[in-house]
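Remarks on the structure that follows.
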Amino acid sequence: MREPGGRAEALFLLQEARERVDELLRAWSERVRTIVPGRTGEALAYALNTPGKRVRAALVMTSFRSVGGVSPAIAAVAAAVETVHAYSLVHDDLPCMDNDDLRRGRPTTHRAFDVPTATRVGFLLVPVAGMVLAQAARDLALPEEDLGRMASELFAAGGIEGMVGGQWLDLEAEGRALGRDELVAVHRGKTGALIRAACVLGGLAAQAPSPARQALGAYGRDVGLAFQIADDVLDATSTSEQLGKSAGKDAASRKSTYVGVLGVESARVEAAALAQQAVGHLEAAGIPSGALASLAGYIVTRQS
Ligand code: GRG
C-alpha cells in the first residue's frame, strides 16, 4: 500500500483549493451583503470571506478528480462545504459554546461584532450554503436529482446526526471523563461528518457509481476522525500564534480528548493508522489514491 505522504503535493492541492474557493467566497460575500443589509450583512461577509486552510475544499476537489471528475466548477461545491464549516466556526466560538476570542488569526465574529449579530450570521450561513451549492450544481450542469443528493449529504452531515449532534455531546460532556467509544462518537459527529460529506460530495459531483462513492465515504470517515485527533494533539502541543486560534482550550475546559485518553504520542500513532486505513478503502475499490493519500498524510502531520 502506498504510504500517506507527499507533503508537497498536499500543500499544492490546498493552495489551489484556497485560491479558487477564496475567490468564490469573496464574490458570495459581496452578493450576500446586497441581500442582507447593514451590520449583519457586514458580519456575514466577515465570517464568509475569511482565511481558512481549506482542507475540506481540497478533499471535495481531490475526491472529484480521483473518480474521474474534470470540471473546474467543482470549486463551487467546495465553497458550499466551506460555508457550512464557516457557520460551525462562528457558532462554536460563541460564549455559550467554546467562548473564544481568536479564530483564523483574527477576532471571532462575535468579538468583531457582537453576540446577537454572530448568532444570526451563523444561522444565515446555512441557507447561504444552500444557495452556493445550488449554483455549483448549475455550474456543473448536474441534474436536479444530483443536487438533491448533494444537499441531503451536506445538510445531514451538518445536522443532528452529524456536526450538531457531535457538538451537543461534546458540550454535555464537559468536565466528565468520556470513554473511548463516546469520544469517537463526539469526534465523528462534530468534525468527521462534514469531512466525510466533503469526500462524498466530490464523488456525487463526478456522478461516480455507488461503490466509488462508498469508498470515498469510508476514506472520509477515517480521515475525519484522524483530523480531530490531530486537532486534539495540536491543541495540547501548539501555541495560539501557530494555530490562529486559542491553544490549550481542551485542558482548560476539562474536555475529554484523545490526548487525555491516550497521551500525545499514542494519539499521533492512532491518527496515522486511521490515515493509512482511509487510503486502504480507496485502493480496495480501485480508486487512484495518490493525491488523497497525500491529503490524509497532511491531515495527521499538519502544524496548524
Ligand atoms: C447547536 C449544539 C449545536 C451545535 C452547532 C457549532 C456547531 C454546530 C458545531 C461545532 C463543530 C466544530 C467547530 C467542530 C470543530 C472542527 C474543527 C477541528 C475545526 C477546525 O477546522 P480547521 O482546522 O479550521 O480546518 P480552518 O480555520 O483551517 O478552516
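Identifiers in this document derive from the order of the C-alpha cells: chains are assigned A, B, ..., residues are numbered from 1 separately in each chain, and ligands are numbered from 1 in order of occurrence.
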
Counting only C-alpha atoms and all ligand atoms, what are the residues of chain A within 6 Å of ligand 1, and for each of them which pair of atoms is the nearest and at what distance in Å, to one decimal? Sort the table by chain and rising number, as a Markdown table.
```
| residue | atom | partner | partner_atom_place_in_ligand_line | distance |
| --- | --- | --- | --- | --- |
| A:Gly52 | CA | ligand 1 | 28 (O) | 3.9 |
| A:Lys53 | CA | ligand 1 | 28 (O) | 3.8 |
| A:Arg54 | CA | ligand 1 | 29 (O) | 5.6 |
| A:Val55 | CA | ligand 1 | 25 (O) | 5.7 |
| A:Ser88 | CA | ligand 1 | 6 (C) | 4.2 |
| A:Leu89 | CA | ligand 1 | 13 (C) | 4.6 |
| A:His91 | CA | ligand 1 | 6 (C) | 4.4 |
| A:Asp92 | CA | ligand 1 | 6 (C) | 3.9 |
| A:Arg104 | CA | ligand 1 | 27 (O) | 5.2 |
| A:Met163 | CA | ligand 1 | 9 (C) | 5.3 |
| A:Val164 | CA | ligand 1 | 4 (C) | 4.1 |
| A:Gln167 | CA | ligand 1 | 9 (C) | 4.9 |
| A:Trp168 | CA | ligand 1 | 2 (C) | 4.0 |
| A:Lys190 | CA | ligand 1 | 11 (C) | 4.7 |
| A:Thr191 | CA | ligand 1 | 16 (C) | 4.5 |
| A:Gln228 | CA | ligand 1 | 18 (C) | 5.5 |
| A:Asp231 | CA | ligand 1 | 18 (C) | 5.7 |
```

Only all heavy atoms, please: the residues just picked out, written as a CSV table (one decimal), in the first residue's frame.
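Printed below is part.csv as written:
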```csv
chain,number,residue,atom,x,y,z
A,52,GLY,N,-9.2,30.4,5.8
A,52,GLY,CA,-9.0,29.0,6.4
A,52,GLY,C,-8.0,28.2,5.6
A,52,GLY,O,-7.6,28.6,4.5
A,53,LYS,N,-7.7,27.1,6.1
A,53,LYS,CA,-6.7,26.2,5.4
A,53,LYS,C,-7.3,25.6,4.2
A,53,LYS,O,-6.7,25.1,3.3
A,53,LYS,CB,-6.2,25.0,6.4
A,53,LYS,CG,-5.4,25.5,7.5
A,53,LYS,CD,-4.8,24.4,8.3
A,53,LYS,CE,-5.9,23.5,9.1
A,53,LYS,NZ,-6.5,24.3,10.1
A,54,ARG,N,-8.7,25.4,4.2
A,54,ARG,CA,-9.4,24.8,3.1
A,54,ARG,C,-9.2,23.3,2.9
A,54,ARG,O,-9.1,22.9,1.8
A,54,ARG,CB,-9.2,25.6,1.8
A,54,ARG,CG,-9.4,27.1,1.8
A,54,ARG,CD,-10.8,27.5,2.2
A,54,ARG,NE,-11.0,28.9,2.2
A,54,ARG,CZ,-11.9,29.5,3.0
A,54,ARG,NH1,-12.7,28.8,3.8
A,54,ARG,NH2,-12.1,30.8,2.9
A,55,VAL,N,-9.0,22.6,4.0
A,55,VAL,CA,-8.8,21.2,3.9
A,55,VAL,C,-10.1,20.5,3.3
A,55,VAL,O,-10.0,19.6,2.5
A,55,VAL,CB,-8.5,20.6,5.4
A,55,VAL,CG1,-8.6,19.1,5.3
A,55,VAL,CG2,-7.2,21.1,5.9
A,88,SER,N,-20.2,26.7,11.3
A,88,SER,CA,-19.9,26.0,12.6
A,88,SER,C,-18.8,26.7,13.4
A,88,SER,O,-18.9,26.7,14.6
A,88,SER,CB,-19.4,24.5,12.2
A,88,SER,OG,-18.1,24.5,11.8
A,89,LEU,N,-17.9,27.3,12.7
A,89,LEU,CA,-16.9,28.0,13.5
A,89,LEU,C,-17.4,29.2,14.2
A,89,LEU,O,-17.1,29.5,15.4
A,89,LEU,CB,-15.7,28.5,12.5
A,89,LEU,CG,-15.0,27.3,11.8
A,89,LEU,CD1,-13.9,27.9,10.9
A,89,LEU,CD2,-14.4,26.3,12.8
A,91,HIS,N,-20.5,29.7,15.3
A,91,HIS,CA,-21.3,29.3,16.5
A,91,HIS,C,-20.4,28.6,17.5
A,91,HIS,O,-20.6,28.8,18.7
A,91,HIS,CB,-22.4,28.4,16.0
A,91,HIS,CG,-23.7,29.2,15.6
A,91,HIS,ND1,-24.9,28.6,15.5
A,91,HIS,CD2,-23.8,30.5,15.3
A,91,HIS,CE1,-25.8,29.6,15.1
A,91,HIS,NE2,-25.1,30.7,15.0
A,92,ASP,N,-19.4,27.8,17.1
A,92,ASP,CA,-18.5,27.2,18.1
A,92,ASP,C,-17.8,28.2,19.0
A,92,ASP,O,-17.6,27.9,20.1
A,92,ASP,CB,-17.5,26.4,17.3
A,92,ASP,CG,-16.6,25.5,18.1
A,92,ASP,OD1,-17.2,24.7,18.9
A,92,ASP,OD2,-15.4,25.5,18.0
A,104,ARG,N,-8.8,31.9,13.1
A,104,ARG,CA,-8.1,32.1,11.9
A,104,ARG,C,-7.2,33.4,12.0
A,104,ARG,O,-7.2,34.2,11.1
A,104,ARG,CB,-9.1,32.2,10.7
A,104,ARG,CG,-9.7,30.9,10.4
A,104,ARG,CD,-10.8,30.9,9.4
A,104,ARG,NE,-11.2,29.6,8.9
A,104,ARG,CZ,-12.2,29.3,8.1
A,104,ARG,NH1,-13.0,30.3,7.7
A,104,ARG,NH2,-12.4,28.1,7.6
A,163,MET,N,-22.7,17.0,12.7
A,163,MET,CA,-22.0,18.0,13.4
A,163,MET,C,-22.7,18.6,14.6
A,163,MET,O,-22.1,18.7,15.7
A,163,MET,CB,-21.7,19.2,12.4
A,163,MET,CG,-20.7,20.2,12.8
A,163,MET,SD,-20.3,21.2,11.4
A,163,MET,CE,-21.8,22.2,11.3
A,164,VAL,N,-24.0,18.9,14.5
A,164,VAL,CA,-24.7,19.4,15.6
A,164,VAL,C,-24.8,18.4,16.8
A,164,VAL,O,-24.5,18.7,17.9
A,164,VAL,CB,-26.2,19.9,15.2
A,164,VAL,CG1,-27.0,20.2,16.5
A,164,VAL,CG2,-26.1,21.1,14.3
A,167,GLN,N,-21.4,18.1,18.4
A,167,GLN,CA,-21.1,19.2,19.3
A,167,GLN,C,-21.9,19.2,20.6
A,167,GLN,O,-21.4,19.5,21.6
A,167,GLN,CB,-21.4,20.5,18.5
A,167,GLN,CG,-21.2,21.8,19.2
A,167,GLN,CD,-19.8,22.2,19.3
A,167,GLN,OE1,-18.9,21.5,19.1
A,167,GLN,NE2,-19.6,23.5,19.7
A,168,TRP,N,-23.1,18.8,20.4
A,168,TRP,CA,-24.0,18.7,21.6
A,168,TRP,C,-23.5,17.7,22.6
A,168,TRP,O,-23.4,18.1,23.8
A,168,TRP,CB,-25.4,18.2,21.1
A,168,TRP,CG,-26.5,18.3,22.0
A,168,TRP,CD1,-26.5,18.3,23.4
A,168,TRP,CD2,-27.9,18.5,21.6
A,168,TRP,NE1,-27.8,18.5,23.9
A,168,TRP,CE2,-28.7,18.5,22.8
A,168,TRP,CE3,-28.6,18.5,20.4
A,168,TRP,CZ2,-30.1,18.7,22.9
A,168,TRP,CZ3,-30.0,18.6,20.4
A,168,TRP,CH2,-30.7,18.7,21.6
A,190,LYS,N,-18.9,15.9,15.5
A,190,LYS,CA,-18.7,17.3,15.4
A,190,LYS,C,-17.7,17.7,14.2
A,190,LYS,O,-17.8,18.8,13.7
A,190,LYS,CB,-18.2,17.9,16.7
A,190,LYS,CG,-16.8,17.6,17.1
A,190,LYS,CD,-16.4,18.4,18.3
A,190,LYS,CE,-14.9,18.1,18.7
A,190,LYS,NZ,-14.4,18.9,19.8
A,191,THR,N,-16.8,16.8,13.9
A,191,THR,CA,-15.8,17.1,12.9
A,191,THR,C,-15.8,16.2,11.7
A,191,THR,O,-15.7,16.6,10.6
A,191,THR,CB,-14.3,17.1,13.5
A,191,THR,OG1,-14.3,17.9,14.7
A,191,THR,CG2,-13.3,17.5,12.6
A,228,GLN,N,-9.7,15.2,13.7
A,228,GLN,CA,-10.0,15.7,15.0
A,228,GLN,C,-9.0,15.2,16.1
A,228,GLN,O,-8.6,15.9,17.0
A,228,GLN,CB,-11.4,15.3,15.5
A,228,GLN,CG,-11.8,15.9,16.8
A,228,GLN,CD,-11.7,17.4,16.9
A,228,GLN,OE1,-12.2,18.1,16.0
A,228,GLN,NE2,-11.0,17.9,17.9
A,231,ASP,N,-6.2,17.4,15.7
A,231,ASP,CA,-6.6,18.7,16.3
A,231,ASP,C,-6.4,18.7,17.9
A,231,ASP,O,-6.0,19.6,18.5
A,231,ASP,CB,-8.1,19.0,16.0
A,231,ASP,CG,-8.4,20.5,16.0
A,231,ASP,OD1,-7.9,21.2,15.0
A,231,ASP,OD2,-9.0,21.0,16.9
```

For stretch 20-91 of chain A versus stretch 137-153 of chain A, which residues have an atom no more than 12 Å away, and what is each residue's nearest atom pair and distance in Å rounded to one decimal, using only C-alpha atoms, chain-then-number order, as CSV?
```
residue,atom,partner,partner_atom,distance
A:Val60,CA,A:Met150,CA,11.6
A:Phe64,CA,A:Leu140,CA,11.8
A:Gly69,CA,A:Leu140,CA,10.2
A:Val70,CA,A:Leu140,CA,10.0
A:Ser71,CA,A:Leu140,CA,7.1
A:Pro72,CA,A:Leu140,CA,8.6
A:Ala73,CA,A:Leu140,CA,5.8
A:Ile74,CA,A:Leu140,CA,7.1
A:Ala75,CA,A:Asp139,CA,9.9
A:Ala76,CA,A:Asp139,CA,7.9
A:Val77,CA,A:Ala137,CA,7.6
A:Ala78,CA,A:Ala137,CA,11.4
A:Ala79,CA,A:Ala137,CA,11.9
A:Ala80,CA,A:Ala151,CA,9.7
A:Val81,CA,A:Ala151,CA,10.1
A:Val84,CA,A:Ala151,CA,11.4
```

Neighbour list for A:Ala247 as number ranges by chain, cut-off 10 Å, only C-alpha atoms, skip fewer than 5 positions in-chain: A: 102, 232, 234-242, 252

Close residues, A:Gln277 itself excluded, 9 Å, only C-alpha atoms, min 5 positions apart in chain, as a ChimeraX atom specification: /A:219,222-223,272

What's the 10 Å shell around A:Thr108, counting only C-alpha atoms, without same-chain residues fewer than 5 positions away, as an mmCIF file with N, CA, C and O atoms, in the first residue's frame?
```
data_model
loop_
_atom_site.group_PDB
_atom_site.id
_atom_site.type_symbol
_atom_site.label_atom_id
_atom_site.label_comp_id
_atom_site.auth_asym_id
_atom_site.auth_seq_id
_atom_site.Cartn_x
_atom_site.Cartn_y
_atom_site.Cartn_z
ATOM 1 N N TYR A 46 -17.793 39.108 6.809
ATOM 2 C CA TYR A 46 -16.590 38.899 7.640
ATOM 3 C C TYR A 46 -16.375 37.403 7.901
ATOM 4 O O TYR A 46 -15.261 36.892 7.810
ATOM 5 N N ALA A 47 -17.478 36.709 8.212
ATOM 6 C CA ALA A 47 -17.369 35.280 8.554
ATOM 7 C C ALA A 47 -17.118 34.416 7.324
ATOM 8 O O ALA A 47 -16.466 33.378 7.409
ATOM 9 N N LEU A 89 -17.902 27.325 12.736
ATOM 10 C CA LEU A 89 -16.851 28.030 13.486
ATOM 11 C C LEU A 89 -17.426 29.240 14.211
ATOM 12 O O LEU A 89 -17.085 29.502 15.374
ATOM 13 N N VAL A 90 -18.320 29.975 13.526
ATOM 14 C CA VAL A 90 -18.921 31.164 14.154
ATOM 15 C C VAL A 90 -19.682 30.754 15.414
ATOM 16 O O VAL A 90 -19.517 31.355 16.491
ATOM 17 N N HIS A 91 -20.496 29.710 15.313
ATOM 18 C CA HIS A 91 -21.282 29.295 16.484
ATOM 19 C C HIS A 91 -20.413 28.610 17.543
ATOM 20 O O HIS A 91 -20.625 28.800 18.738
ATOM 21 N N ASP A 92 -19.424 27.850 17.104
ATOM 22 C CA ASP A 92 -18.528 27.174 18.052
ATOM 23 C C ASP A 92 -17.812 28.178 18.962
ATOM 24 O O ASP A 92 -17.552 27.908 20.128
ATOM 25 N N ASP A 93 -17.509 29.351 18.402
ATOM 26 C CA ASP A 93 -16.755 30.356 19.161
ATOM 27 C C ASP A 93 -17.633 31.169 20.124
ATOM 28 O O ASP A 93 -17.095 31.912 20.958
ATOM 29 N N LEU A 94 -18.945 31.063 20.008
ATOM 30 C CA LEU A 94 -19.838 31.896 20.839
ATOM 31 C C LEU A 94 -19.634 31.615 22.334
ATOM 32 O O LEU A 94 -19.249 30.501 22.717
ATOM 33 N N ASN A 99 -16.620 29.879 23.668
ATOM 34 C CA ASN A 99 -16.284 31.216 24.184
ATOM 35 C C ASN A 99 -14.875 31.630 23.800
ATOM 36 O O ASN A 99 -14.015 31.813 24.663
ATOM 37 N N ASP A 100 -14.644 31.787 22.518
ATOM 38 C CA ASP A 100 -13.290 32.084 22.041
ATOM 39 C C ASP A 100 -13.186 33.469 21.423
ATOM 40 O O ASP A 100 -14.155 33.979 20.856
ATOM 41 N N ASP A 101 -11.980 34.035 21.539
ATOM 42 C CA ASP A 101 -11.740 35.393 21.025
ATOM 43 C C ASP A 101 -11.016 35.387 19.689
ATOM 44 O O ASP A 101 -11.003 36.408 18.988
ATOM 45 N N LEU A 102 -10.355 34.284 19.383
ATOM 46 C CA LEU A 102 -9.446 34.251 18.231
ATOM 47 C C LEU A 102 -9.811 33.108 17.295
ATOM 48 O O LEU A 102 -10.010 31.969 17.737
ATOM 49 N N ARG A 103 -9.867 33.418 16.009
ATOM 50 C CA ARG A 103 -10.155 32.383 15.005
ATOM 51 C C ARG A 103 -9.484 32.796 13.711
ATOM 52 O O ARG A 103 -9.640 33.919 13.263
ATOM 53 N N PHE A 113 -17.941 41.808 16.114
ATOM 54 C CA PHE A 113 -19.273 42.443 16.056
ATOM 55 C C PHE A 113 -19.892 42.303 17.454
ATOM 56 O O PHE A 113 -19.413 42.950 18.370
ATOM 57 N N ASP A 114 -20.876 41.455 17.615
ATOM 58 C CA ASP A 114 -21.439 41.210 18.945
ATOM 59 C C ASP A 114 -22.141 39.852 18.904
ATOM 60 O O ASP A 114 -22.329 39.277 17.824
ATOM 61 N N ALA A 118 -23.447 37.720 15.642
ATOM 62 C CA ALA A 118 -22.741 36.488 15.263
ATOM 63 C C ALA A 118 -23.699 35.292 15.274
ATOM 64 O O ALA A 118 -23.584 34.396 14.435
ATOM 65 N N LYS A 245 -5.829 30.204 16.528
ATOM 66 C CA LYS A 245 -6.977 30.107 17.446
ATOM 67 C C LYS A 245 -6.394 29.749 18.814
ATOM 68 O O LYS A 245 -5.226 29.337 18.903
#
```

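One distance worth recording is that between atom CA of A:Gly286 and atom CA of A:Leu216, which is 11.2 Å.
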
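Within stretch 80-235 of chain A, DSSP applied to the backbone places the following residues in strand (DSSP E or B): A:Leu102, A:Arg103, A:Arg106, A:Pro107.
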
One-decimal distance in Å that lies between atom CA of A:Gly68 and atom CA of A:Gly220: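 Between these atoms lies a distance of 17.6 Å.
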
Best match for closeness to A:Arg180 among A:Gly192, A:Gly122, A:Pro209, A:Gly260, counting only C-alpha atoms: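 Between A:Gly192, A:Gly122, A:Pro209, A:Gly260, the residue approaching A:Arg180 most closely is A:Gly260.
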
Pick from A:Leu292, A:Val261, A:Ala45, A:Leu124, whichever lies nearest to A:Cys199 using only C-alpha atoms: A:Leu292

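Here atom CA of A:Arg120 is placed at a distance of 25.5 Å from atom CA of A:Ser253.
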
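Of the residues under consideration (A:Arg221, A:Arg39, A:Arg302, A:Arg33), A:Arg221 shows the shortest atom-to-atom contact distance to A:Ala193 when counting only C-alpha atoms.
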
Of the listed residues A:Ile195, A:Thr62, A:Phe123, A:Ala215, that which approaches A:Glu283 most closely, counting only C-alpha atoms: A:Ala215

Test item: residues at most 12 Å from A:Ala8, only C-alpha atoms, excluding those fewer than 3 positions along its chain, as number ranges by chain: A: 5, 11-15, 291, 294-295, 297-298

Can those selected residues be exported to a file as a CSV table (one decimal), in the first residue's frame so that it contains C-alpha atoms?
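The result, stored in out-v4.csv:
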```csv
chain,number,residue,atom,x,y,z
A,5,GLY,CA,2.6,11.3,2.5
A,11,LEU,CA,0.4,21.7,0.0
A,12,PHE,CA,-0.1,22.3,-3.7
A,13,LEU,CA,-3.7,20.9,-3.5
A,14,LEU,CA,-4.5,23.1,-0.5
A,15,GLN,CA,-3.1,26.2,-2.2
A,291,ALA,CA,-3.5,12.6,-4.1
A,294,SER,CA,-1.1,13.0,0.3
A,295,LEU,CA,-4.0,14.9,1.9
A,297,GLY,CA,-0.8,12.4,5.4
A,298,TYR,CA,-1.0,16.2,5.7
```

Contacts of A:Leu171 within 9 Å, only C-alpha atoms, excl. fewer than 2 positions in-chain, as a list in words: Met97, Asp98, Gly166, Gln167, Trp168, Leu169, Ala173, Glu174 and Lys255 of chain A

Let me see the file: selected residues, N, CA, C and O atoms, as a CSV table (one decimal), in the first residue's frame.
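What follows is the written file out_25.csv:
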```
chain,number,residue,atom,x,y,z
A,97,MET,N,-20.8,28.4,23.8
A,97,MET,CA,-20.1,27.2,23.4
A,97,MET,C,-18.7,27.3,23.8
A,97,MET,O,-18.4,27.2,25.0
A,98,ASP,N,-17.7,27.5,22.9
A,98,ASP,CA,-16.3,27.5,23.3
A,98,ASP,C,-15.8,28.8,23.9
A,98,ASP,O,-14.7,28.9,24.4
A,166,GLY,N,-22.8,15.9,17.4
A,166,GLY,CA,-21.4,15.7,18.0
A,166,GLY,C,-21.1,16.8,18.9
A,166,GLY,O,-20.5,16.6,20.0
A,167,GLN,N,-21.4,18.1,18.4
A,167,GLN,CA,-21.1,19.2,19.3
A,167,GLN,C,-21.9,19.2,20.6
A,167,GLN,O,-21.4,19.5,21.6
A,168,TRP,N,-23.1,18.8,20.4
A,168,TRP,CA,-24.0,18.7,21.6
A,168,TRP,C,-23.5,17.7,22.6
A,168,TRP,O,-23.4,18.1,23.8
A,169,LEU,N,-23.1,16.5,22.1
A,169,LEU,CA,-22.5,15.6,23.1
A,169,LEU,C,-21.2,16.1,23.7
A,169,LEU,O,-21.0,16.0,24.9
A,173,ALA,N,-20.6,16.8,27.7
A,173,ALA,CA,-19.6,16.0,28.4
A,173,ALA,C,-18.5,16.8,29.1
A,173,ALA,O,-17.7,16.2,29.7
A,174,GLU,N,-18.6,18.2,28.9
A,174,GLU,CA,-17.5,19.0,29.5
A,174,GLU,C,-17.4,18.7,31.0
A,174,GLU,O,-18.4,18.6,31.7
A,255,LYS,N,-12.1,19.1,28.8
A,255,LYS,CA,-12.7,18.3,27.7
A,255,LYS,C,-12.0,17.0,27.6
A,255,LYS,O,-10.8,16.9,27.7
```

Of the listed residues A:Arg20, A:Leu204, A:Gly175, A:Phe155, that which approaches A:Asp250 most closely, counting only C-alpha atoms: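 Of A:Arg20, A:Leu204, A:Gly175, A:Phe155, the one nearest A:Asp250, counting only C-alpha atoms, is A:Gly175.
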
Pick from A:Pro211, A:Gly224, A:Pro51, A:Gly202, whichever lies nearest to A:Ala185 using only C-alpha atoms: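 The closest residue to A:Ala185 is A:Gly224.
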